[in-house]
file protein27.txt (compact mmCIF, N, CA and C atoms and all ligand atoms)
# COMPACT_ATOMS: atom_id res chain seq x y z
N MET A 1 -184.53 -115.26 48.64
CA MET A 1 -185.88 -115.08 49.17
C MET A 1 -186.76 -116.19 48.62
N SER A 2 -187.57 -116.80 49.49
CA SER A 2 -188.42 -117.89 49.04
C SER A 2 -189.72 -117.35 48.45
N PRO A 3 -190.35 -118.11 47.51
CA PRO A 3 -191.59 -117.64 46.91
C PRO A 3 -192.73 -117.65 47.92
N GLU A 4 -193.71 -116.74 47.71
CA GLU A 4 -194.90 -116.70 48.58
C GLU A 4 -195.77 -117.90 48.30
N VAL A 5 -196.28 -118.50 49.34
CA VAL A 5 -197.19 -119.63 49.17
C VAL A 5 -198.35 -119.50 50.14
N GLU A 6 -199.47 -120.11 49.77
CA GLU A 6 -200.62 -120.19 50.66
C GLU A 6 -200.74 -121.63 51.11
N LYS A 7 -201.12 -121.84 52.36
CA LYS A 7 -201.38 -123.19 52.85
C LYS A 7 -202.83 -123.26 53.25
N GLU A 8 -203.53 -124.30 52.76
CA GLU A 8 -204.94 -124.46 53.10
C GLU A 8 -205.09 -124.93 54.54
N ASP A 9 -204.31 -125.89 54.92
CA ASP A 9 -204.34 -126.39 56.29
C ASP A 9 -202.99 -127.04 56.59
N GLY A 10 -202.86 -127.55 57.76
CA GLY A 10 -201.59 -128.11 58.16
C GLY A 10 -201.19 -129.36 57.41
N ASP A 11 -202.14 -130.06 56.78
CA ASP A 11 -201.83 -131.31 56.09
C ASP A 11 -201.59 -131.13 54.60
N SER A 12 -201.99 -129.98 54.04
CA SER A 12 -201.86 -129.78 52.60
C SER A 12 -200.47 -129.27 52.27
N PRO A 13 -199.96 -129.65 51.10
CA PRO A 13 -198.68 -129.08 50.68
C PRO A 13 -198.85 -127.61 50.33
N PRO A 14 -197.80 -126.81 50.46
CA PRO A 14 -197.91 -125.39 50.13
C PRO A 14 -198.23 -125.20 48.65
N ARG A 15 -199.04 -124.15 48.36
CA ARG A 15 -199.39 -123.83 46.98
C ARG A 15 -198.95 -122.41 46.69
N PRO A 16 -198.71 -122.08 45.43
CA PRO A 16 -198.35 -120.70 45.10
C PRO A 16 -199.49 -119.75 45.48
N ALA A 17 -199.18 -118.53 45.92
CA ALA A 17 -200.20 -117.53 46.18
C ALA A 17 -200.95 -117.25 44.88
N LYS A 18 -202.22 -116.80 45.01
CA LYS A 18 -203.05 -116.61 43.82
C LYS A 18 -202.37 -115.71 42.79
N HIS A 19 -201.75 -114.63 43.23
CA HIS A 19 -201.15 -113.70 42.27
C HIS A 19 -199.90 -114.28 41.62
N GLU A 20 -199.43 -115.43 42.09
CA GLU A 20 -198.24 -116.03 41.50
C GLU A 20 -198.56 -117.17 40.55
N VAL A 21 -199.85 -117.49 40.39
CA VAL A 21 -200.21 -118.59 39.49
C VAL A 21 -199.84 -118.20 38.07
N LEU A 22 -199.10 -119.06 37.42
CA LEU A 22 -198.67 -118.78 36.06
C LEU A 22 -199.77 -119.17 35.09
N LEU A 23 -200.02 -118.31 34.12
CA LEU A 23 -201.03 -118.62 33.12
C LEU A 23 -200.48 -119.62 32.13
N PRO A 24 -201.37 -120.48 31.61
CA PRO A 24 -200.92 -121.48 30.63
C PRO A 24 -200.61 -120.82 29.29
N PHE A 25 -199.77 -121.45 28.51
CA PHE A 25 -199.47 -120.99 27.16
C PHE A 25 -199.16 -119.49 27.13
N PRO A 26 -198.07 -119.06 27.74
CA PRO A 26 -197.76 -117.64 27.82
C PRO A 26 -197.68 -116.96 26.45
N GLY A 27 -197.41 -117.71 25.39
CA GLY A 27 -197.33 -117.11 24.06
C GLY A 27 -198.66 -116.98 23.36
N SER A 28 -199.74 -117.42 23.99
CA SER A 28 -201.05 -117.39 23.35
C SER A 28 -201.52 -115.97 23.10
N LEU A 29 -202.09 -115.77 21.93
CA LEU A 29 -202.67 -114.48 21.57
C LEU A 29 -203.79 -114.08 22.52
N CYS A 30 -204.45 -115.03 23.10
CA CYS A 30 -205.60 -114.76 23.98
C CYS A 30 -205.23 -113.85 25.14
N HIS A 31 -204.04 -113.99 25.67
CA HIS A 31 -203.65 -113.18 26.83
C HIS A 31 -203.62 -111.69 26.50
N ARG A 32 -203.48 -111.36 25.23
CA ARG A 32 -203.41 -109.95 24.83
C ARG A 32 -204.68 -109.50 24.14
N CYS A 33 -205.74 -110.29 24.25
CA CYS A 33 -206.96 -110.03 23.50
C CYS A 33 -207.98 -109.25 24.34
N ALA A 34 -208.69 -108.35 23.67
CA ALA A 34 -209.70 -107.54 24.34
C ALA A 34 -211.04 -108.26 24.44
N ALA A 35 -211.13 -109.49 24.03
CA ALA A 35 -212.42 -110.22 23.98
C ALA A 35 -213.31 -110.01 25.22
N PRO A 36 -212.89 -110.14 26.43
CA PRO A 36 -211.65 -110.69 26.95
C PRO A 36 -211.85 -112.16 27.32
N PRO A 37 -210.78 -112.95 27.27
CA PRO A 37 -210.89 -114.34 27.70
C PRO A 37 -211.02 -114.43 29.22
N SER A 38 -211.51 -115.55 29.68
CA SER A 38 -211.51 -115.79 31.12
C SER A 38 -210.71 -117.06 31.38
N TYR A 39 -210.32 -117.22 32.61
CA TYR A 39 -209.47 -118.35 32.97
C TYR A 39 -210.25 -119.26 33.91
N VAL A 40 -210.33 -120.50 33.51
CA VAL A 40 -211.11 -121.47 34.28
C VAL A 40 -210.13 -122.48 34.88
N ALA A 41 -210.08 -122.50 36.19
CA ALA A 41 -209.13 -123.37 36.86
C ALA A 41 -209.82 -124.61 37.40
N THR A 42 -209.21 -125.74 37.15
CA THR A 42 -209.63 -126.99 37.79
C THR A 42 -208.54 -127.34 38.79
N ARG A 43 -208.66 -128.46 39.41
CA ARG A 43 -207.65 -128.86 40.39
C ARG A 43 -206.27 -129.03 39.75
N THR A 44 -206.26 -129.41 38.46
CA THR A 44 -204.98 -129.73 37.83
C THR A 44 -204.61 -128.84 36.66
N SER A 45 -205.54 -128.04 36.14
CA SER A 45 -205.26 -127.28 34.92
C SER A 45 -205.95 -125.92 34.95
N ILE A 46 -205.48 -125.04 34.07
CA ILE A 46 -206.14 -123.76 33.85
C ILE A 46 -206.46 -123.69 32.36
N TYR A 47 -207.72 -123.43 32.05
CA TYR A 47 -208.17 -123.34 30.66
C TYR A 47 -208.48 -121.90 30.32
N ILE A 48 -208.28 -121.56 29.04
CA ILE A 48 -208.58 -120.22 28.56
C ILE A 48 -209.91 -120.30 27.81
N ARG A 49 -210.90 -119.56 28.33
CA ARG A 49 -212.24 -119.59 27.75
C ARG A 49 -212.49 -118.31 26.96
N CYS A 50 -212.84 -118.48 25.70
CA CYS A 50 -213.09 -117.34 24.83
C CYS A 50 -214.59 -117.03 24.81
N PRO A 51 -214.98 -115.75 25.02
CA PRO A 51 -216.39 -115.39 25.00
C PRO A 51 -216.95 -115.23 23.58
N LEU A 52 -216.09 -115.25 22.58
CA LEU A 52 -216.53 -114.99 21.21
C LEU A 52 -216.67 -116.24 20.35
N LEU A 53 -215.85 -117.22 20.58
CA LEU A 53 -215.89 -118.42 19.73
C LEU A 53 -216.99 -119.37 20.17
N PRO A 54 -217.67 -119.99 19.21
CA PRO A 54 -218.73 -120.94 19.55
C PRO A 54 -218.23 -122.13 20.38
N ASN A 55 -217.01 -122.57 20.11
CA ASN A 55 -216.52 -123.73 20.85
C ASN A 55 -215.92 -123.37 22.21
N LYS A 56 -215.81 -122.06 22.54
CA LYS A 56 -215.39 -121.52 23.84
C LYS A 56 -213.96 -121.84 24.26
N TYR A 57 -213.47 -123.01 23.94
CA TYR A 57 -212.12 -123.39 24.38
C TYR A 57 -211.25 -123.69 23.16
N PRO A 58 -210.65 -122.66 22.56
CA PRO A 58 -209.84 -122.90 21.37
C PRO A 58 -208.59 -123.70 21.71
N PRO A 59 -208.14 -124.52 20.76
CA PRO A 59 -206.88 -125.24 20.99
C PRO A 59 -205.77 -124.23 21.25
N GLN A 60 -204.99 -124.51 22.25
CA GLN A 60 -203.91 -123.59 22.64
C GLN A 60 -202.56 -124.16 22.24
N PRO A 61 -201.59 -123.30 21.99
CA PRO A 61 -201.68 -121.85 22.03
C PRO A 61 -202.30 -121.30 20.75
N VAL A 62 -203.13 -120.27 20.90
CA VAL A 62 -203.69 -119.58 19.74
C VAL A 62 -202.60 -118.66 19.20
N VAL A 63 -202.26 -118.83 17.93
CA VAL A 63 -201.23 -117.97 17.33
C VAL A 63 -201.83 -117.02 16.30
N THR A 64 -202.96 -117.38 15.73
CA THR A 64 -203.69 -116.47 14.86
C THR A 64 -205.16 -116.63 15.17
N CYS A 65 -205.91 -115.52 15.07
CA CYS A 65 -207.34 -115.57 15.35
C CYS A 65 -208.01 -114.42 14.62
N ARG A 66 -209.02 -114.72 13.84
CA ARG A 66 -209.69 -113.66 13.06
C ARG A 66 -210.48 -112.72 13.97
N LEU A 67 -210.77 -113.11 15.19
CA LEU A 67 -211.53 -112.27 16.11
C LEU A 67 -210.64 -111.49 17.08
N PHE A 68 -209.34 -111.68 16.98
CA PHE A 68 -208.41 -111.01 17.90
C PHE A 68 -208.49 -109.49 17.75
N ARG A 69 -208.61 -108.81 18.89
CA ARG A 69 -208.48 -107.35 18.96
C ARG A 69 -207.58 -107.07 20.15
N PRO A 70 -206.52 -106.28 19.95
CA PRO A 70 -205.60 -106.05 21.07
C PRO A 70 -206.25 -105.28 22.21
N LYS A 71 -205.84 -105.62 23.43
CA LYS A 71 -206.28 -104.83 24.58
C LYS A 71 -205.75 -103.42 24.41
N GLU A 72 -206.42 -102.48 25.07
CA GLU A 72 -205.94 -101.10 25.01
C GLU A 72 -204.51 -101.04 25.51
N ALA A 73 -203.67 -100.41 24.71
CA ALA A 73 -202.29 -100.22 25.14
C ALA A 73 -202.23 -99.10 26.16
N VAL A 74 -201.33 -99.22 27.11
CA VAL A 74 -201.14 -98.16 28.09
C VAL A 74 -200.42 -97.01 27.39
N PRO A 75 -201.03 -95.79 27.39
CA PRO A 75 -200.38 -94.67 26.71
C PRO A 75 -199.04 -94.36 27.35
N GLN A 76 -198.08 -94.06 26.50
CA GLN A 76 -196.75 -93.75 27.00
C GLN A 76 -196.53 -92.25 26.94
N HIS A 77 -195.74 -91.77 27.89
CA HIS A 77 -195.39 -90.36 27.89
C HIS A 77 -194.52 -90.08 26.66
N PRO A 78 -194.74 -88.93 25.98
CA PRO A 78 -193.96 -88.63 24.77
C PRO A 78 -192.46 -88.65 25.00
N ARG A 79 -192.04 -88.30 26.20
CA ARG A 79 -190.58 -88.28 26.47
C ARG A 79 -190.03 -89.67 26.71
N ALA A 80 -190.93 -90.69 26.75
CA ALA A 80 -190.46 -92.06 26.98
C ALA A 80 -189.82 -92.66 25.73
N ASP A 81 -189.96 -91.98 24.59
CA ASP A 81 -189.37 -92.50 23.36
C ASP A 81 -187.84 -92.41 23.44
N PRO A 82 -187.16 -93.56 23.47
CA PRO A 82 -185.70 -93.55 23.63
C PRO A 82 -184.97 -92.93 22.45
N SER A 83 -185.64 -92.82 21.30
CA SER A 83 -184.96 -92.22 20.13
C SER A 83 -184.91 -90.70 20.26
N GLY A 84 -185.71 -90.15 21.20
CA GLY A 84 -185.73 -88.71 21.38
C GLY A 84 -186.56 -87.99 20.34
N ALA A 85 -187.21 -88.74 19.45
CA ALA A 85 -188.01 -88.12 18.39
C ALA A 85 -189.30 -87.54 18.92
S1 LIG B 101 -211.09 -113.88 20.18
FE1 LIG B 101 -209.40 -115.26 19.58
S2 LIG B 101 -207.56 -114.35 20.51
FE2 LIG B 101 -209.35 -113.44 21.52
S3 LIG B 101 -209.70 -114.70 23.36
FE3 LIG B 101 -210.99 -115.54 21.70
S4 LIG B 101 -209.71 -117.15 20.76
FE4 LIG B 101 -208.35 -115.87 21.98
call {"tool": "encode", "arguments": {"input": "protein27.txt", "output": "structure tokens"}}
result
Amino acid sequence: MSPEVEKEDGDSPPRPAKHEVLLPFPGSLCHRCAAPPSYVATRTSIYIRCPLLPNKYPPQPVVTCRLFRPKEAVPQHPRADPSGA
């Protein structure tokens, strides 16, 4: 099966559909942060913008951050525990 793509017009090359755009630096702590970061796309790049840091665009990938707070975890059903405990 071929990937979904959007075409702007007949002369433009196909582009990935919006929901298929891969985020930069997948290992970055920012993606799991409740800050929450926003993603700023230019024609050639996607930047991660932090609402908490004064410099707004921390060097990526962020691996430690004193302001990091995890996003709310999705609650799991008690029976989902594979140990059976
Ligand atoms: S607070 Fe830290 S981890 Fe969270 S988005 Fe900003 S830079 Fe990333």
call {"tool": "residues_near_ligand", "arguments": {"input": "protein27.txt", "ligand": "ligand LIG 101 (chain B)", "cutoff": "8 Å", "atoms": "only N, CA and C atoms and all ligand atoms", "output": "ChimeraX atom specification"}}
result
/A:28-38,48-53,56-59,62-70
call {"tool": "atom_distance", "arguments": {"input": "protein27.txt", "atom1": "CA of Pro61 (chain A)", "atom2": "CA of Ile46 (chain A)"}}
result
12.8 Å
call {"tool": "atom_distance", "arguments": {"input": "protein27.txt", "atom1": "CA of Gln60 (chain A)", "atom2": "atom C of Val40 (chain A)"}}
result
13.8 Å
call {"tool": "atom_distance", "arguments": {"input": "protein27.txt", "atom1": "atom N of Thr42 (chain A)", "atom2": "atom N of Pro26 (chain A)"}}
result
16.0 Å
